[in-house]
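Structure below is work09.txt: compact mmCIF, C-alpha atoms and all ligand atoms.
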```txt
# COMPACT_ATOMS: atom_id res chain seq x y z
CA MET A 1 -33.98 41.02 -33.43
CA LYS A 2 -35.87 38.02 -32.02
CA GLY A 3 -35.07 34.33 -31.97
CA TYR A 4 -37.03 31.20 -31.14
CA VAL A 5 -35.17 29.34 -28.40
CA HIS A 6 -35.82 25.70 -27.50
CA SER A 7 -33.66 25.62 -24.36
CA ILE A 8 -30.48 26.88 -22.73
CA GLU A 9 -27.66 25.02 -21.02
CA THR A 10 -25.58 27.40 -18.94
CA CYS A 11 -22.51 25.24 -18.31
CA GLY A 12 -22.14 22.94 -21.32
CA THR A 13 -18.91 21.00 -21.81
CA VAL A 14 -19.47 19.06 -25.03
CA ASP A 15 -20.25 21.71 -27.65
CA GLY A 16 -16.95 23.42 -28.28
CA PRO A 17 -13.88 24.25 -26.18
CA GLY A 18 -14.11 24.98 -22.44
CA ILE A 19 -17.26 25.61 -20.44
CA ARG A 20 -19.95 27.11 -22.62
CA TYR A 21 -23.32 28.78 -22.51
CA VAL A 22 -25.25 26.74 -25.08
CA VAL A 23 -28.36 28.09 -26.76
CA PHE A 24 -30.48 25.47 -28.53
CA LEU A 25 -32.52 27.20 -31.19
CA GLN A 26 -35.87 25.93 -32.38
CA GLY A 27 -36.44 24.57 -35.90
CA CYS A 28 -34.69 22.05 -38.14
CA PRO A 29 -35.20 21.19 -41.82
CA LEU A 30 -33.66 17.72 -41.41
CA ARG A 31 -35.23 14.58 -39.98
CA CYS A 32 -32.25 12.51 -38.89
CA LYS A 33 -33.30 9.02 -37.89
CA PHE A 34 -30.98 9.18 -34.87
CA CYS A 35 -32.08 12.66 -33.73
CA HIS A 36 -32.26 12.92 -29.95
CA ASN A 37 -34.01 16.28 -30.06
CA PRO A 38 -37.05 15.86 -32.34
CA ASP A 39 -38.80 18.38 -30.10
CA THR A 40 -36.59 21.06 -31.71
CA TRP A 41 -37.84 20.38 -35.25
CA GLU A 42 -40.87 22.64 -35.41
CA VAL A 43 -40.18 26.21 -36.56
CA ASN A 44 -41.57 29.44 -35.10
CA THR A 45 -42.27 27.98 -31.72
CA GLY A 46 -40.32 27.86 -28.43
CA LYS A 47 -39.48 30.79 -26.20
CA ILE A 48 -38.91 34.12 -27.91
CA TYR A 49 -35.79 36.05 -26.88
CA THR A 50 -34.35 39.27 -28.19
CA VAL A 51 -30.59 39.41 -28.65
CA GLU A 52 -30.47 41.92 -25.77
CA GLU A 53 -32.36 39.58 -23.42
CA LEU A 54 -30.11 36.68 -24.26
CA MET A 55 -26.96 38.79 -23.87
CA GLU A 56 -28.14 39.97 -20.49
CA ASP A 57 -28.42 36.36 -19.37
CA ILE A 58 -25.12 35.30 -21.00
CA LEU A 59 -23.26 38.06 -19.19
CA LYS A 60 -24.42 36.66 -15.83
CA TYR A 61 -22.29 33.58 -16.61
CA ARG A 62 -19.33 35.50 -17.93
CA ASN A 63 -16.96 34.22 -15.24
CA TYR A 64 -17.93 30.59 -15.78
CA ILE A 65 -17.50 30.72 -19.55
CA LYS A 66 -14.33 32.77 -19.73
CA THR A 67 -12.28 29.71 -20.79
CA GLY A 68 -15.05 28.64 -23.18
CA GLY A 69 -17.73 30.84 -24.67
CA VAL A 70 -21.15 30.71 -26.29
CA THR A 71 -22.35 27.95 -28.61
CA VAL A 72 -25.52 28.14 -30.64
CA SER A 73 -26.94 24.71 -31.43
CA GLY A 74 -30.35 23.29 -32.23
CA GLY A 75 -32.29 22.10 -34.08
CA GLU A 76 -30.51 23.81 -36.91
CA PRO A 77 -29.39 27.22 -35.64
CA LEU A 78 -28.62 28.61 -39.10
CA LEU A 79 -32.35 28.56 -39.89
CA GLN A 80 -32.28 31.73 -37.74
CA ALA A 81 -29.07 33.05 -39.26
CA ASP A 82 -29.88 36.76 -38.72
CA PHE A 83 -30.40 36.16 -35.02
CA VAL A 84 -27.21 34.11 -34.71
CA ALA A 85 -25.18 36.76 -36.56
CA GLU A 86 -26.46 39.54 -34.27
CA LEU A 87 -25.89 37.49 -31.13
CA PHE A 88 -22.33 36.64 -32.14
CA LYS A 89 -21.56 40.29 -32.93
CA GLU A 90 -22.73 41.23 -29.44
CA CYS A 91 -20.64 38.41 -27.91
CA LYS A 92 -17.62 39.67 -29.78
CA LYS A 93 -18.08 43.14 -28.28
CA HIS A 94 -17.68 41.48 -24.88
CA GLY A 95 -14.71 39.34 -25.96
CA ILE A 96 -16.72 36.10 -25.75
CA HIS A 97 -15.71 33.20 -28.02
CA THR A 98 -18.53 31.96 -30.27
CA ALA A 99 -19.30 28.66 -31.95
CA VAL A 100 -22.17 27.46 -34.12
CA ASP A 101 -23.12 23.78 -34.17
CA THR A 102 -24.68 23.11 -37.58
CA SER A 103 -25.66 20.27 -39.88
CA GLY A 104 -24.70 22.48 -42.83
CA ALA A 105 -28.16 21.98 -44.29
CA ILE A 106 -28.84 25.67 -44.93
CA PRO A 107 -27.58 27.04 -48.29
CA LEU A 108 -24.53 29.21 -47.74
CA LYS A 109 -26.11 32.29 -49.31
CA ASN A 110 -28.70 32.29 -46.51
CA CYS A 111 -26.33 31.87 -43.59
CA LYS A 112 -22.92 33.23 -44.62
CA HIS A 113 -23.20 36.28 -42.35
CA ALA A 114 -23.81 34.08 -39.28
CA VAL A 115 -20.94 31.74 -40.14
CA ASP A 116 -18.66 34.73 -40.75
CA ALA A 117 -19.51 36.06 -37.29
CA ALA A 118 -18.56 32.79 -35.54
CA ASP A 119 -15.08 31.98 -34.22
CA LEU A 120 -15.60 28.24 -34.66
CA VAL A 121 -17.96 26.05 -36.67
CA LEU A 122 -18.94 22.60 -35.42
CA LEU A 123 -20.04 20.90 -38.63
CA ASP A 124 -21.96 17.63 -38.54
CA ILE A 125 -21.22 15.46 -41.56
CA LYS A 126 -23.92 12.82 -41.41
CA SER A 127 -22.54 10.72 -44.28
CA ILE A 128 -19.91 11.31 -46.95
CA ASP A 129 -22.22 9.50 -49.37
CA SER A 130 -24.92 11.96 -50.39
CA PHE A 131 -27.42 9.24 -51.28
CA LYS A 132 -27.04 7.62 -47.85
CA CYS A 133 -27.13 11.04 -46.23
CA ARG A 134 -30.52 11.69 -47.85
CA ALA A 135 -31.83 8.32 -46.66
CA LEU A 136 -30.66 9.08 -43.12
CA THR A 137 -31.63 12.77 -42.82
CA GLY A 138 -33.99 13.63 -45.68
CA LYS A 139 -31.37 15.76 -47.46
CA GLY A 140 -28.11 15.16 -49.34
CA ASN A 141 -24.76 16.42 -48.04
CA GLU A 142 -24.05 18.97 -50.82
CA ASP A 143 -24.73 22.08 -48.76
CA ALA A 144 -22.66 20.77 -45.84
CA LEU A 145 -19.69 20.09 -48.13
CA LYS A 146 -20.09 23.51 -49.77
CA LEU A 147 -20.01 25.08 -46.33
CA LEU A 148 -16.84 23.15 -45.53
CA ASN A 149 -15.24 24.43 -48.75
CA TYR A 150 -16.18 27.97 -47.83
CA LEU A 151 -14.75 27.60 -44.32
CA GLU A 152 -11.51 26.31 -45.80
CA ARG A 153 -11.37 29.27 -48.18
CA VAL A 154 -11.86 31.84 -45.43
CA ARG A 155 -9.70 29.84 -42.97
CA LYS A 156 -12.36 29.54 -40.31
CA GLU A 157 -11.68 26.89 -37.69
CA VAL A 158 -13.89 23.81 -38.04
CA TRP A 159 -14.58 20.81 -35.84
CA ILE A 160 -16.21 17.92 -37.68
CA ARG A 161 -18.74 15.73 -35.92
CA HIS A 162 -19.89 12.36 -37.13
CA VAL A 163 -22.46 10.11 -35.51
CA VAL A 164 -21.76 6.38 -35.79
CA VAL A 165 -24.97 4.37 -36.16
CA PRO A 166 -24.62 0.58 -36.49
CA GLY A 167 -26.15 -0.64 -39.75
CA ILE A 168 -26.17 2.88 -41.22
CA THR A 169 -23.02 4.98 -40.79
CA GLU A 170 -20.88 2.31 -39.13
CA ASN A 171 -19.55 1.45 -42.56
CA TYR A 172 -15.75 1.29 -42.64
CA ASP A 173 -15.53 1.90 -46.41
CA ASP A 174 -17.53 5.12 -46.03
CA ILE A 175 -15.42 6.06 -43.01
CA GLU A 176 -12.22 5.57 -45.07
CA LYS A 177 -13.66 7.77 -47.82
CA MET A 178 -14.69 10.44 -45.37
CA ALA A 179 -11.38 10.39 -43.49
CA GLU A 180 -9.46 10.79 -46.75
CA TYR A 181 -11.80 13.52 -47.98
CA LEU A 182 -11.40 15.52 -44.78
CA SER A 183 -7.61 15.16 -44.76
CA TYR A 184 -7.34 17.84 -47.48
CA TYR A 185 -8.89 20.53 -45.29
CA SER A 186 -6.48 22.49 -43.14
CA ALA A 187 -9.32 24.43 -41.49
CA ILE A 188 -10.34 21.27 -39.61
CA SER A 189 -8.67 21.14 -36.21
CA ARG A 190 -10.65 18.34 -34.62
CA ILE A 191 -12.87 15.41 -35.54
CA GLU A 192 -15.37 14.11 -33.02
CA ILE A 193 -16.75 10.60 -33.39
CA LEU A 194 -20.08 10.39 -31.60
CA PRO A 195 -21.55 6.97 -30.80
CA PHE A 196 -25.27 6.66 -31.52
CA HIS A 197 -27.42 6.48 -28.38
CA LYS A 198 -31.12 6.22 -27.69
CA MET A 199 -31.51 8.85 -24.99
CA GLY A 200 -33.99 10.77 -27.15
CA GLU A 201 -36.20 7.78 -27.94
CA TYR A 202 -38.85 8.78 -25.43
CA LYS A 203 -39.26 12.14 -27.16
CA TRP A 204 -40.16 10.41 -30.43
CA GLU A 205 -42.81 8.46 -28.55
CA GLU A 206 -44.16 11.58 -26.85
CA LEU A 207 -44.46 13.25 -30.24
CA ASN A 208 -46.14 10.18 -31.75
CA LEU A 209 -43.30 9.75 -34.22
CA LYS A 210 -42.06 6.40 -35.44
CA TYR A 211 -38.58 5.71 -34.09
CA GLU A 212 -36.98 3.47 -36.70
CA LEU A 213 -33.83 2.79 -34.67
CA LYS A 214 -35.64 1.09 -31.79
CA ASP A 215 -33.71 -2.14 -32.30
CA THR A 216 -30.38 -0.55 -33.24
CA PRO A 217 -27.72 -1.03 -30.54
CA PRO A 218 -25.07 1.59 -29.77
CA PRO A 219 -21.72 0.89 -31.47
CA THR A 220 -19.16 -1.09 -29.49
CA LYS A 221 -16.11 0.59 -27.96
CA GLU A 222 -13.93 -1.49 -30.30
CA SER A 223 -15.75 -0.20 -33.35
CA ILE A 224 -15.44 3.42 -32.21
CA GLU A 225 -11.70 2.90 -31.62
CA LYS A 226 -11.33 1.36 -35.08
CA ILE A 227 -13.11 4.34 -36.65
CA LYS A 228 -10.92 6.80 -34.75
CA GLU A 229 -7.84 4.94 -35.98
CA ILE A 230 -9.06 5.29 -39.57
CA PHE A 231 -9.43 9.05 -39.14
CA LYS A 232 -6.02 9.27 -37.50
CA LYS A 233 -4.41 7.32 -40.33
CA TYR A 234 -5.48 9.95 -42.87
CA ASN A 235 -5.08 12.97 -40.67
CA LYS A 236 -1.73 12.33 -39.02
CA ASN A 237 -0.49 14.95 -36.62
CA LYS A 238 -2.89 17.52 -37.96
CA LEU A 239 -5.97 16.50 -36.09
CA ASN A 240 -7.25 15.89 -32.69
CA VAL A 241 -9.60 12.92 -33.14
CA ALA A 242 -11.90 12.54 -30.14
S1 LIG A 301 -29.83 18.09 -37.73
FE1 LIG A 301 -29.77 17.73 -35.52
S2 LIG A 301 -31.73 18.52 -34.75
FE2 LIG A 301 -31.93 18.31 -36.96
S3 LIG A 301 -32.86 16.30 -37.23
FE3 LIG A 301 -30.64 16.05 -37.41
S4 LIG A 301 -29.93 15.51 -35.36
FE4 LIG A 301 -32.01 16.37 -35.16
```
Since I need it in another form, could you write the structure as structure tokens?
Ligand code: SF4
Amino acid sequence: MKGYVHSIETCGTVDGPGIRYVVFLQGCPLRCKFCHNPDTWEVNTGKIYTVEELMEDILKYRNYIKTGGVTVSGGEPLLQADFVAELFKECKKHGIHTAVDTSGAIPLKNCKHAVDAADLVLLDIKSIDSFKCRALTGKGNEDALKLLNYLERVRKEVWIRHVVVPGITENYDDIEKMAEYLSYYSAISRIEILPFHKMGEYKWEELNLKYELKDTPPPTKESIEKIKEIFKKYNKNKLNVA
């Protein structure tokens, strides 16, 4: 079983609980305007690893990640669902916690086995409004919401992530709708509000891609606090909003 890997971060702290070995897989079907890793988009490129090779490397960091685990991110890792499923099964044999960081853009029938093998799913909801989601990413949010329904049904722990982009997703009516929508899901244990930033802008330039958000500022601290308060209002006591 081989996978196309974009890069590896051996001591990640932002993609799931604890210190984690993070594998960024190559390939993504979305084209988010705020993407800071457009160099992960292309499929069937990057460094090829077998599950065995990757496990061998992961086990070298076993002591560092014992309070965390392994996260597979991207790109969209569930484009390589077979590889993710195999890797997670191997991690499980060694008692290592696993998380997959996904945009939910892959139809469930193609990635259910990988999701089932994960301990935690980090699900990016780009917009609760499917029309706006399509304008922002190239695809509606239907598959992401179906994945969330499935995770609720099988009681798999979910962290939701939402990027706040001024002029696009920094829309308090949409945030209210999303916060209320998510309040019905008991599988969600955390919501992460991520402020838009331009750290990936140079990659768009290097790839000769047009970066439409050149003049978009990051959201203010006040706005992020206001958004967190909206999520907290609908998800009292149940959620850790970060
Ligand atoms: S899903 Fe992630 S990797 Fe893919 S385009 Fe969007 S931000 Fe970039």
Checklist line | Nearby residues, (-29.4, 4.9, -24.0) file frame, 12 Å, all atoms listed in the file, as a VMD selection string | finding: chain A and resid 34 36 195 to 202 213 to 219
Note to self: With distances taken over only C-alpha atoms and all ligand atoms, which residue among A:Ile224, A:Ile8, A:Leu87, A:Val163 lies nearest ligand LIG 301 (chain A)?
What the structure shows: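 Selected residue with least distance to ligand LIG 301 (chain A): A:Val163.
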Check: Using only C-alpha atoms, which residue out of A:Leu59, A:His6, A:Lys33, A:Arg190 lies closest to Thr169 (chain A)?
Finding: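 So, comparing all the options, the nearest one is A:Lys33.
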Note to self: Any residue with an atom at most 12 Å from ligand LIG 301 (chain A) counts, using all atoms listed in the file. Which are they? Put them as number ranges by chain.
What the structure shows: A: 6, 24-43, 73-79, 101-106, 122-127, 133-134, 136-139, 141, 144, 161-163, 194, 196-197, 200-201, 203-204
Next item on the list: Kindly extract all protein, DNA and RNA residues lying within 10 Å of the coordinates (-28.4, 27.7, -19.4) given in the file, considering all atoms listed in the file, and supply them as a PyMOL selection string.
Entry: chain A and resi 7-12+20-24+57-58+61
Check: What gap, in Å, lies between CA of Leu147 (chain A) and CA of Ala114 (chain A)?
Finding: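 For CA of Leu147 (chain A) relative to CA of Ala114 (chain A), the distance reads 12.0 Å.
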Next item on the list: In Å, rounded to a single decimal, give me how far CA of Glu157 (chain A) is from CA of Ser186 (chain A).
Entry: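 Separation of CA of Ser186 (chain A) and CA of Glu157 (chain A): 8.7 Å.
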Checklist line | Pick from A:Asn235, A:Asn171, A:Ser189, A:Ser183 nearest to Arg155 (chain A), counting only C-alpha atoms | finding: A:Ser189
Notebook entry, point to check: CA of Arg153 (chain A) to CA of Asn110 (chain A): how many Å, to one decimal?
Noted result: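 CA of Arg153 (chain A) sits 17.7 Å away from CA of Asn110 (chain A).
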Notebook entry, point to check: For Asp15 (chain A), which residue out of A:Glu192, A:Asp143, A:Glu212, A:Asp174 is the nearest one, using all atoms listed in the file?
Noted result: A:Glu192
Item checked: For Asp82 (chain A), the nearest of the candidates A:Met1, A:Ala135, A:Leu108, A:Leu54, counting all atoms listed in the file -> A:Met1
Next item on the list: Rank A:Asp129, A:Glu152, A:Glu90, A:Glu142 by their smallest atom-to-atom distance to Pro107 (chain A), using all atoms listed in the file, and report the top residue only.
Entry: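 Closest to Pro107 (chain A) of all the choices is A:Glu142.
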Step by step, gather every atom of region 146-159 of chain A that the file lists, find the box along x, y and z that holds them, add 5 Å on each side, and finally give centre and edge lengths in Å to one decimal, as JSON.
```
{"center_x": -14.9, "center_y": 26.3, "center_z": -42.8, "size_x": 20.4, "size_y": 21.0, "size_z": 23.9}
```
Checklist line | Surrounding residues of Phe83 (chain A) excluding itself and chain neighbours under 3 positions, 8 Å, only C-alpha atoms, as a list in words | finding: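 The neighbour list is Met1, Lys2, Gly3, Val51, Gln80, Glu86 and Leu87 of chain A.
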